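Peer 1: A single structure is presented below for examination.
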Amino acid sequence: MKKYFAELFGTFVLTFLGCGAAVSLNCGADTASIVGTAFAFGLAVVAMAYTIGGISGCHINPAITLGVFLSGRMNGKDCGMYMLFQVIGAIIAAALLALLVSTDPGLARGTATGANACASENVVNGLLAEIILTFIFVMVVLGATAKTNGATNNFAGLAIGLSLILIHLVGINFTGTSVNPARSIGPALFEGGKALEQIWVFIVGPLVGGALAAGCWKMIDTDKK
């Protein structure tokens, strides 16, 4: 159970700090708010990688967990339990953010919980963006943590966190950037409206992207099991 609770904690921190920054900085209002939010998500991943990486591997993202499972690095039971605890962690984080904003509506910038929604009504565009961005992100995760990388595995957390910053810089104006179903489900439950109506985009897109990354990684992975 320790690794499941580690995933809960890690996803809680990622959602609370990342979405909290999006709320506080009014993400999307200007370039500075986008850059600040991107760094918040990326640095949260770096911090958690070196906090719980040795316990659970620090997936804190169902799309990454799916990619790891499909690449043969974990069993089905752990895959399902990781996803469950990740979603629980994100819901707790979103609930606390919603509580903070409710105590003083003046604190809210943009959406109240940093929930995701496609920039336009063209959800196909948003779905494609989420698939592509998650594919890239999970490829980085699988590659950075591969045995073939030898000593560079020690810097996997940094590589993954920095790549997430880049992905947010590209994706925020398209979808707010999810690439993580848990991080989207939690805030959407409290935000409602468009975020909840389009939640399927932020579940299907990242999971498809993660699955594609697992398949692609198997094609180029040189580690012989």
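Residues are referred to by chain and number: the chain letter is A, B, ... according to the order shown in the structure tokens, the number counts from 1 in that chain, and ligands are numbered separately from 1 in the order shown.
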For A:Ala95, list every protein, DNA or RNA residue within 9 Å, evaluated using only C-alpha atoms, and leave out those in the same chain fewer than 5 positions away; present the list as a ChimeraX atom specification.

Peer 2: /A:90,100,113,186-187,189-190

Peer 1: Within 10 Å of A:Trp217, counting only C-alpha atoms, which residues show up once you throw out same-chain ones fewer than 5 positions away? Write them as an NGL selection string, please.

Peer 2: :A and (67 or 71 or 138-140 or 142-143 or 211-212 or 222)

Peer 1: Hey, can you spit out that residue selection with all heavy atoms as a compact mmCIF listing (two decimals), in the first residue's frame?

Peer 2:
```
# COMPACT_ATOMS: atom_id res chain seq x y z
N GLY A 67 1.31 3.55 -19.90
CA GLY A 67 2.48 3.33 -20.76
C GLY A 67 3.46 2.36 -20.14
O GLY A 67 4.01 1.48 -20.83
N SER A 71 4.29 -1.41 -21.58
CA SER A 71 5.68 -1.69 -21.95
C SER A 71 6.25 -2.86 -21.14
O SER A 71 7.42 -3.21 -21.30
CB SER A 71 6.55 -0.44 -21.76
OG SER A 71 6.62 -0.06 -20.40
N VAL A 138 5.21 10.75 -22.42
CA VAL A 138 5.40 9.37 -21.96
C VAL A 138 6.63 8.75 -22.61
O VAL A 138 7.34 7.95 -21.97
CB VAL A 138 4.13 8.52 -22.22
CG1 VAL A 138 4.36 7.07 -21.80
CG2 VAL A 138 2.95 9.09 -21.43
N MET A 139 6.93 9.12 -23.84
CA MET A 139 8.17 8.65 -24.48
C MET A 139 9.39 9.11 -23.68
O MET A 139 10.35 8.35 -23.46
CB MET A 139 8.26 9.15 -25.91
CG MET A 139 7.44 8.35 -26.90
SD MET A 139 8.08 6.66 -27.18
CE MET A 139 9.53 7.01 -28.17
N VAL A 140 9.36 10.36 -23.22
CA VAL A 140 10.46 10.88 -22.40
C VAL A 140 10.56 10.09 -21.10
O VAL A 140 11.66 9.72 -20.67
CB VAL A 140 10.26 12.39 -22.10
CG1 VAL A 140 11.28 12.86 -21.07
CG2 VAL A 140 10.37 13.21 -23.37
N LEU A 142 9.53 6.98 -20.43
CA LEU A 142 10.01 5.62 -20.68
C LEU A 142 11.49 5.60 -21.02
O LEU A 142 12.25 4.73 -20.57
CB LEU A 142 9.19 4.97 -21.80
CG LEU A 142 7.72 4.71 -21.48
CD1 LEU A 142 7.00 4.18 -22.73
CD2 LEU A 142 7.56 3.74 -20.33
N GLY A 143 11.92 6.58 -21.79
CA GLY A 143 13.32 6.64 -22.18
C GLY A 143 14.24 7.06 -21.05
O GLY A 143 15.30 6.46 -20.83
N ALA A 211 -0.58 5.00 -24.62
CA ALA A 211 -0.54 3.68 -25.26
C ALA A 211 0.32 3.71 -26.51
O ALA A 211 1.10 2.77 -26.77
CB ALA A 211 -1.96 3.22 -25.59
N LEU A 212 0.20 4.77 -27.29
CA LEU A 212 1.02 4.90 -28.50
C LEU A 212 2.50 4.99 -28.15
O LEU A 212 3.35 4.42 -28.85
CB LEU A 212 0.59 6.15 -29.28
CG LEU A 212 -0.77 6.08 -29.98
CD1 LEU A 212 -1.12 7.44 -30.59
CD2 LEU A 212 -0.78 5.01 -31.07
N THR A 222 16.28 -1.00 -26.87
CA THR A 222 17.36 -1.96 -27.15
C THR A 222 17.62 -2.89 -25.97
O THR A 222 18.50 -3.77 -26.05
CB THR A 222 18.68 -1.20 -27.46
OG1 THR A 222 19.02 -0.35 -26.36
CG2 THR A 222 18.52 -0.37 -28.72
```

Peer 1: Can you work out which one of A:Asn154, A:Asn180, A:Thr51, A:Ser120 has the shortest atom-to-atom distance to A:Gly205, counting only C-alpha atoms?

Peer 2: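 Residue with the minimum atom-to-atom distance to A:Gly205: A:Asn180.
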
Peer 1: From stretch 46-145 of chain A, collect each residue whose DSSP state is helix (DSSP H, G or I) and return the set as a count of residues only.

Peer 2: 73

Peer 1: Select, from A:Gly42, A:Gly53, A:Gly126, A:Gly72, the residue with the minimum atom-to-atom distance to A:Leu162, counting only C-alpha atoms.

Peer 2: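 Among the listed residues, A:Gly42 lies closest to A:Leu162.
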
Peer 1: Find, counting only C-alpha atoms, the residue in A:Tyr50, A:Ser102, A:Gly171, A:Leu96 that gets nearest to A:Leu17.

Peer 2: A:Leu96

Peer 1: Would you mind telling me which residue in A:Ile132, A:Lys218, A:Phe85, A:Gly114 lies nearest to A:Asn26 when using only C-alpha atoms?

Peer 2: A:Gly114

Peer 1: Between A:Ala32, A:Leu25, A:Ile172, A:Ala156, which one has atoms that come closest to A:Cys58, using only C-alpha atoms?

Peer 2: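 Closest to A:Cys58, using only C-alpha atoms: A:Ala156.
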
Peer 1: With distances taken over only C-alpha atoms, which residue among A:Gly28, A:Pro62, A:Gly210, A:Gly157 lies nearest A:Phe174?

Peer 2: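 That would be A:Gly28, the residue with the smallest distance to A:Phe174.
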
Peer 1: Please report the interatomic distance between atom CA of A:Cys216 and atom CA of A:Ala44 in Å with one decimal.

Peer 2: 26.9 Å

Peer 1: Fewer than 5 positions away in the same chain doesn't count, so skip those; otherwise give me all residues within 8 Å of A:Thr37, counting only C-alpha atoms, as a PyMOL selection string.

Peer 2: chain A and resi 18-19+21-22+25+27+168
